[in-house]
Amino acid sequence: MPNYPQLICTSDLLEDNHSLGFHHEQEKGIIVRYQGQVHAYLDSCPHRNKSLGDGPNFLDSDNLFLRCEHHQALFALDSGTCITGPCVQQQLTSVAVTEQDGQILLLGWPRQVNG
Ligand code: FES
């Protein structure tokens, strides 16, 4: 069992309206900063459970939404809700993170239910 919290990166590496990918064991996540707040999601599109892309930036060209490169779904930065695309109204799975003392910390990992 992994121990938490785990350091993802230092806060200065994630500017507002930017994203970064990170690895956790064999899986991948994405952190994004929106209006100063850090949000994190599994890097798994609800449409076909694929990674959103190769990164390092997972945002659309205006840096307003997370974008899946496969079929162009767009997701709200602060909720992970798909606002347009083939999985509209579905959500990226949230990952628990916090920010303290200049560090972005992973607090746990969601248990994925397959099938
Ligand atoms: S796999 Fe992401 S939009 Fe289709």
# chains A, B, ... in the order shown; residues from 1 in each chain; ligands from 1
>>> residues_near_ligand(ligand="ligand 1", cutoff="7 Å", atoms="only C-alpha atoms and all ligand atoms", output="PDB file with N, CA and C atoms, in the first residue's frame")
ATOM      1  N   CYS A  45      -9.761   9.303 -20.304  1.00  0.00           N
ATOM      2  CA  CYS A  45     -10.954   9.930 -20.872  1.00  0.00           C
ATOM      3  C   CYS A  45     -12.160   9.009 -20.662  1.00  0.00           C
ATOM      4  N   PRO A  46     -13.285   9.542 -20.184  1.00  0.00           N
ATOM      5  CA  PRO A  46     -14.457   8.690 -19.970  1.00  0.00           C
ATOM      6  C   PRO A  46     -15.050   8.143 -21.263  1.00  0.00           C
ATOM      7  N   HIS A  47     -14.655   8.692 -22.395  1.00  0.00           N
ATOM      8  CA  HIS A  47     -15.206   8.192 -23.659  1.00  0.00           C
ATOM      9  C   HIS A  47     -14.709   6.777 -23.931  1.00  0.00           C
ATOM     10  N   ARG A  48     -13.380   6.584 -23.929  1.00  0.00           N
ATOM     11  CA  ARG A  48     -12.847   5.248 -24.239  1.00  0.00           C
ATOM     12  C   ARG A  48     -11.739   4.828 -23.287  1.00  0.00           C
ATOM     13  N   ASN A  49     -11.663   5.480 -22.144  1.00  0.00           N
ATOM     14  CA  ASN A  49     -10.646   5.156 -21.145  1.00  0.00           C
ATOM     15  C   ASN A  49      -9.231   5.226 -21.697  1.00  0.00           C
ATOM     16  N   LYS A  50      -9.001   6.196 -22.581  1.00  0.00           N
ATOM     17  CA  LYS A  50      -7.653   6.422 -23.097  1.00  0.00           C
ATOM     18  C   LYS A  50      -7.045   7.615 -22.388  1.00  0.00           C
ATOM     19  N   LEU A  52      -5.561  11.239 -22.188  1.00  0.00           N
ATOM     20  CA  LEU A  52      -5.986  12.413 -22.958  1.00  0.00           C
ATOM     21  C   LEU A  52      -4.980  12.791 -24.039  1.00  0.00           C
ATOM     22  N   CYS A  68      -9.129  16.097 -24.749  1.00  0.00           N
ATOM     23  CA  CYS A  68      -8.705  14.760 -25.146  1.00  0.00           C
ATOM     24  C   CYS A  68      -8.356  14.799 -26.626  1.00  0.00           C
ATOM     25  N   GLU A  69      -7.151  14.374 -26.950  1.00  0.00           N
ATOM     26  CA  GLU A  69      -6.690  14.510 -28.334  1.00  0.00           C
ATOM     27  C   GLU A  69      -7.355  13.506 -29.281  1.00  0.00           C
ATOM     28  N   HIS A  70      -8.015  12.496 -28.742  1.00  0.00           N
ATOM     29  CA  HIS A  70      -8.543  11.450 -29.620  1.00  0.00           C
ATOM     30  C   HIS A  70      -9.784  11.893 -30.384  1.00  0.00           C
ATOM     31  N   HIS A  71     -10.762  12.445 -29.665  1.00  0.00           N
ATOM     32  CA  HIS A  71     -11.999  12.869 -30.331  1.00  0.00           C
ATOM     33  C   HIS A  71     -12.399  14.260 -29.861  1.00  0.00           C
ATOM     34  N   GLN A  72     -11.443  15.000 -29.333  1.00  0.00           N
ATOM     35  CA  GLN A  72     -11.599  16.434 -29.046  1.00  0.00           C
ATOM     36  C   GLN A  72     -12.614  16.748 -27.955  1.00  0.00           C
ATOM     37  N   ALA A  73     -12.844  15.861 -27.024  1.00  0.00           N
ATOM     38  CA  ALA A  73     -13.687  16.209 -25.878  1.00  0.00           C
ATOM     39  C   ALA A  73     -12.995  17.309 -25.072  1.00  0.00           C
ATOM     40  N   GLY A  85     -18.217  17.150 -26.880  1.00  0.00           N
ATOM     41  CA  GLY A  85     -17.509  15.967 -27.344  1.00  0.00           C
ATOM     42  C   GLY A  85     -18.366  14.734 -27.157  1.00  0.00           C
ATOM     43  N   PRO A  86     -17.827  13.557 -27.436  1.00  0.00           N
ATOM     44  CA  PRO A  86     -18.618  12.331 -27.425  1.00  0.00           C
ATOM     45  C   PRO A  86     -19.002  11.843 -26.028  1.00  0.00           C
ATOM     46  N   CYS A  87     -18.442  12.427 -24.992  1.00  0.00           N
ATOM     47  CA  CYS A  87     -18.767  11.984 -23.628  1.00  0.00           C
ATOM     48  C   CYS A  87     -19.324  13.151 -22.811  1.00  0.00           C
TER      49      CYS A  87
END
>>> residues_around(residues="Ile8 in chain A", least_positions_apart="5", cutoff="12 Å", atoms="only C-alpha atoms", output="ChimeraX atom specification")
/A:13-14,20-24,28-32,38,40,95-100,102-108
>>> write_last_selection(atoms="N, CA and C atoms", output="CSV table (one decimal), in the first residue's frame")
chain,number,residue,atom,x,y,z
A,13,LEU,N,5.9,25.0,-10.4
A,13,LEU,CA,5.9,24.4,-11.7
A,13,LEU,C,4.6,24.4,-12.4
A,14,LEU,N,3.5,24.8,-11.6
A,14,LEU,CA,2.2,24.8,-12.2
A,14,LEU,C,1.6,26.2,-12.1
A,20,LEU,N,-0.1,19.7,-16.0
A,20,LEU,CA,1.1,18.8,-16.0
A,20,LEU,C,0.6,17.3,-15.8
A,21,GLY,N,1.3,16.4,-16.5
A,21,GLY,CA,1.0,15.0,-16.2
A,21,GLY,C,1.9,14.5,-15.1
A,22,PHE,N,1.5,13.5,-14.4
A,22,PHE,CA,2.4,12.8,-13.4
A,22,PHE,C,2.0,11.4,-13.4
A,23,HIS,N,3.0,10.6,-12.9
A,23,HIS,CA,2.8,9.2,-12.8
A,23,HIS,C,2.6,8.8,-11.3
A,24,HIS,N,1.7,7.8,-11.1
A,24,HIS,CA,1.5,7.2,-9.8
A,24,HIS,C,1.5,5.7,-10.0
A,28,LYS,N,-1.5,7.1,-14.6
A,28,LYS,CA,-1.1,8.5,-14.9
A,28,LYS,C,-2.2,9.4,-14.4
A,29,GLY,N,-1.8,10.6,-14.0
A,29,GLY,CA,-2.8,11.6,-13.6
A,29,GLY,C,-2.4,12.9,-14.2
A,30,ILE,N,-3.3,13.9,-14.1
A,30,ILE,CA,-3.1,15.2,-14.6
A,30,ILE,C,-3.4,16.2,-13.5
A,31,ILE,N,-2.5,17.2,-13.2
A,31,ILE,CA,-2.9,18.3,-12.3
A,31,ILE,C,-3.0,19.5,-13.2
A,32,VAL,N,-4.0,20.4,-12.7
A,32,VAL,CA,-4.2,21.6,-13.4
A,32,VAL,C,-4.5,22.7,-12.4
A,38,VAL,N,-5.5,24.1,-7.3
A,38,VAL,CA,-5.0,22.9,-8.0
A,38,VAL,C,-6.1,21.8,-8.0
A,40,ALA,N,-6.9,17.8,-9.7
A,40,ALA,CA,-6.2,16.6,-10.3
A,40,ALA,C,-7.2,15.6,-10.8
A,95,VAL,N,-8.9,13.2,-8.5
A,95,VAL,CA,-7.8,12.6,-7.7
A,95,VAL,C,-7.6,13.6,-6.5
A,96,ALA,N,-7.5,13.1,-5.3
A,96,ALA,CA,-7.3,14.0,-4.1
A,96,ALA,C,-5.9,14.6,-4.0
A,97,VAL,N,-5.8,15.9,-4.1
A,97,VAL,CA,-4.5,16.6,-3.9
A,97,VAL,C,-4.7,17.8,-3.0
A,98,THR,N,-3.6,18.3,-2.5
A,98,THR,CA,-3.6,19.5,-1.7
A,98,THR,C,-2.3,20.2,-2.0
A,99,GLU,N,-2.3,21.5,-1.6
A,99,GLU,CA,-1.1,22.3,-1.8
A,99,GLU,C,-0.8,22.9,-0.5
A,100,GLN,N,0.4,22.7,-0.1
A,100,GLN,CA,0.9,23.4,1.1
A,100,GLN,C,2.4,23.5,1.1
A,102,GLY,N,4.3,25.3,-0.6
A,102,GLY,CA,5.0,25.3,-1.9
A,102,GLY,C,5.1,24.0,-2.5
A,103,GLN,N,4.3,23.1,-2.1
A,103,GLN,CA,4.3,21.7,-2.7
A,103,GLN,C,2.9,21.3,-3.1
A,104,ILE,N,2.7,20.6,-4.2
A,104,ILE,CA,1.5,19.9,-4.5
A,104,ILE,C,1.6,18.4,-4.2
A,105,LEU,N,0.7,18.0,-3.3
A,105,LEU,CA,0.8,16.7,-2.7
A,105,LEU,C,-0.4,15.8,-3.1
A,106,LEU,N,-0.1,14.6,-3.4
A,106,LEU,CA,-1.1,13.6,-3.7
A,106,LEU,C,-1.6,13.0,-2.4
A,107,LEU,N,-2.9,12.9,-2.2
A,107,LEU,CA,-3.5,12.5,-0.9
A,107,LEU,C,-4.0,11.0,-1.0
A,108,GLY,N,-4.1,10.5,-2.2
A,108,GLY,CA,-4.7,9.2,-2.4
A,108,GLY,C,-4.9,8.9,-3.8
>>> select_by_dssp(residues="chain A", states="strand (DSSP E)", output="ChimeraX atom specification")
/A:6-10,18-24,27-34,37-42,65-67,74-76,82-84,97-100,103-106
>>> closest_residue(among="A:Cys82, A:Asp101, A:Ala76, A:Pro110", to="His39 in chain A", atoms="only C-alpha atoms")
A:Ala76
>>> atom_distance(atom1="CA of Thr93 in chain A", atom2="CA of Phe58 in chain A")
15.3 Å
>>> closest_residue(among="A:Arg33, A:Tyr4, A:Asp54, A:Asp16", to="Ser79 in chain A", atoms="only C-alpha atoms")
A:Arg33
>>> atom_distance(atom1="CA of Met1 in chain A", atom2="CA of Pro56 in chain A")
27.8 Å
>>> atom_distance(atom1="CA of Phe65 in chain A", atom2="CA of Pro5 in chain A")
27.0 Å
>>> closest_residue(among="A:Glu25, A:Asp78, A:Asp62, A:Asp12", to="Trp109 in chain A", atoms="only C-alpha atoms")
A:Glu25
>>> decode(residues="range 58-101 of chain A", atoms="N, CA and C atoms", output="tab-separated table (two decimals), in the first residue's frame")
chain	number	residue	atom	x	y	z
A	58	PHE	N	-2.07	19.48	-21.42
A	58	PHE	CA	-3.28	18.77	-21.82
A	58	PHE	C	-4.43	19.73	-22.09
A	59	LEU	N	-4.13	21.01	-22.22
A	59	LEU	CA	-5.18	21.99	-22.39
A	59	LEU	C	-5.42	22.31	-23.86
A	60	ASP	N	-6.58	22.90	-24.14
A	60	ASP	CA	-6.87	23.35	-25.50
A	60	ASP	C	-6.02	24.59	-25.82
A	61	SER	N	-6.13	25.08	-27.03
A	61	SER	CA	-5.23	26.15	-27.46
A	61	SER	C	-5.45	27.45	-26.69
A	62	ASP	N	-6.62	27.65	-26.10
A	62	ASP	CA	-6.88	28.85	-25.30
A	62	ASP	C	-6.59	28.63	-23.81
A	63	ASN	N	-6.13	27.45	-23.45
A	63	ASN	CA	-5.85	27.12	-22.05
A	63	ASN	C	-7.08	27.27	-21.15
A	64	LEU	N	-8.24	26.95	-21.69
A	64	LEU	CA	-9.48	27.08	-20.92
A	64	LEU	C	-10.08	25.74	-20.52
A	65	PHE	N	-9.72	24.68	-21.22
A	65	PHE	CA	-10.30	23.36	-20.96
A	65	PHE	C	-9.22	22.29	-21.11
A	66	LEU	N	-9.40	21.19	-20.37
A	66	LEU	CA	-8.63	20.00	-20.67
A	66	LEU	C	-9.18	19.39	-21.95
A	67	ARG	N	-8.31	18.88	-22.78
A	67	ARG	CA	-8.76	18.38	-24.09
A	67	ARG	C	-8.24	16.96	-24.30
A	68	CYS	N	-9.13	16.10	-24.75
A	68	CYS	CA	-8.71	14.76	-25.15
A	68	CYS	C	-8.36	14.80	-26.63
A	69	GLU	N	-7.15	14.37	-26.95
A	69	GLU	CA	-6.69	14.51	-28.33
A	69	GLU	C	-7.36	13.51	-29.28
A	70	HIS	N	-8.02	12.50	-28.74
A	70	HIS	CA	-8.54	11.45	-29.62
A	70	HIS	C	-9.78	11.89	-30.38
A	71	HIS	N	-10.76	12.44	-29.66
A	71	HIS	CA	-12.00	12.87	-30.33
A	71	HIS	C	-12.40	14.26	-29.86
A	72	GLN	N	-11.44	15.00	-29.33
A	72	GLN	CA	-11.60	16.43	-29.05
A	72	GLN	C	-12.61	16.75	-27.95
A	73	ALA	N	-12.84	15.86	-27.02
A	73	ALA	CA	-13.69	16.21	-25.88
A	73	ALA	C	-13.00	17.31	-25.07
A	74	LEU	N	-13.80	18.24	-24.55
A	74	LEU	CA	-13.28	19.31	-23.70
A	74	LEU	C	-13.88	19.16	-22.31
A	75	PHE	N	-13.04	19.33	-21.28
A	75	PHE	CA	-13.45	19.14	-19.89
A	75	PHE	C	-13.18	20.42	-19.09
A	76	ALA	N	-14.14	20.79	-18.25
A	76	ALA	CA	-13.95	21.95	-17.37
A	76	ALA	C	-12.78	21.69	-16.43
A	77	LEU	N	-11.96	22.73	-16.24
A	77	LEU	CA	-10.75	22.56	-15.43
A	77	LEU	C	-11.07	22.30	-13.96
A	78	ASP	N	-12.14	22.91	-13.45
A	78	ASP	CA	-12.41	22.83	-12.02
A	78	ASP	C	-13.31	21.68	-11.62
A	79	SER	N	-13.91	21.00	-12.59
A	79	SER	CA	-14.81	19.89	-12.24
A	79	SER	C	-14.51	18.61	-13.00
A	80	GLY	N	-13.81	18.73	-14.12
A	80	GLY	CA	-13.56	17.57	-14.97
A	80	GLY	C	-14.77	17.14	-15.77
A	81	THR	N	-15.82	17.96	-15.80
A	81	THR	CA	-17.02	17.62	-16.55
A	81	THR	C	-16.80	17.89	-18.03
A	82	CYS	N	-17.19	16.94	-18.86
A	82	CYS	CA	-17.08	17.11	-20.31
A	82	CYS	C	-18.17	18.07	-20.76
A	83	ILE	N	-17.76	19.15	-21.44
A	83	ILE	CA	-18.74	20.16	-21.87
A	83	ILE	C	-19.03	20.06	-23.36
A	84	THR	N	-18.20	19.37	-24.10
A	84	THR	CA	-18.50	19.10	-25.50
A	84	THR	C	-17.66	17.91	-25.94
A	85	GLY	N	-18.22	17.15	-26.88
A	85	GLY	CA	-17.51	15.97	-27.34
A	85	GLY	C	-18.37	14.73	-27.16
A	86	PRO	N	-17.83	13.56	-27.44
A	86	PRO	CA	-18.62	12.33	-27.42
A	86	PRO	C	-19.00	11.84	-26.03
A	87	CYS	N	-18.44	12.43	-24.99
A	87	CYS	CA	-18.77	11.98	-23.63
A	87	CYS	C	-19.32	13.15	-22.81
A	88	VAL	N	-20.08	14.03	-23.48
A	88	VAL	CA	-20.61	15.21	-22.82
A	88	VAL	C	-21.39	14.83	-21.56
A	89	GLN	N	-21.17	15.61	-20.51
A	89	GLN	CA	-21.75	15.43	-19.17
A	89	GLN	C	-21.08	14.34	-18.34
A	90	GLN	N	-20.22	13.53	-18.95
A	90	GLN	CA	-19.45	12.59	-18.14
A	90	GLN	C	-18.25	13.31	-17.54
A	91	GLN	N	-17.59	12.65	-16.59
A	91	GLN	CA	-16.55	13.34	-15.85
A	91	GLN	C	-15.24	12.58	-15.84
A	92	LEU	N	-14.16	13.35	-15.85
A	92	LEU	CA	-12.87	12.77	-15.49
A	92	LEU	C	-12.94	12.39	-14.01
A	93	THR	N	-12.23	11.36	-13.63
A	93	THR	CA	-12.22	10.93	-12.23
A	93	THR	C	-11.28	11.83	-11.43
A	94	SER	N	-11.82	12.42	-10.37
A	94	SER	CA	-11.02	13.32	-9.53
A	94	SER	C	-10.00	12.55	-8.70
A	95	VAL	N	-8.87	13.17	-8.50
A	95	VAL	CA	-7.81	12.63	-7.65
A	95	VAL	C	-7.60	13.64	-6.52
A	96	ALA	N	-7.47	13.14	-5.30
A	96	ALA	CA	-7.34	14.02	-4.14
A	96	ALA	C	-5.92	14.57	-4.04
A	97	VAL	N	-5.83	15.90	-4.08
A	97	VAL	CA	-4.54	16.58	-3.92
A	97	VAL	C	-4.72	17.76	-2.98
A	98	THR	N	-3.62	18.26	-2.48
A	98	THR	CA	-3.63	19.49	-1.71
A	98	THR	C	-2.34	20.24	-2.02
A	99	GLU	N	-2.33	21.50	-1.63
A	99	GLU	CA	-1.15	22.31	-1.85
A	99	GLU	C	-0.78	22.95	-0.51
A	100	GLN	N	0.44	22.73	-0.09
A	100	GLN	CA	0.89	23.36	1.14
A	100	GLN	C	2.39	23.53	1.12
A	101	ASP	N	2.83	24.63	1.70
A	101	ASP	CA	4.25	24.92	1.82
A	101	ASP	C	4.98	24.82	0.49
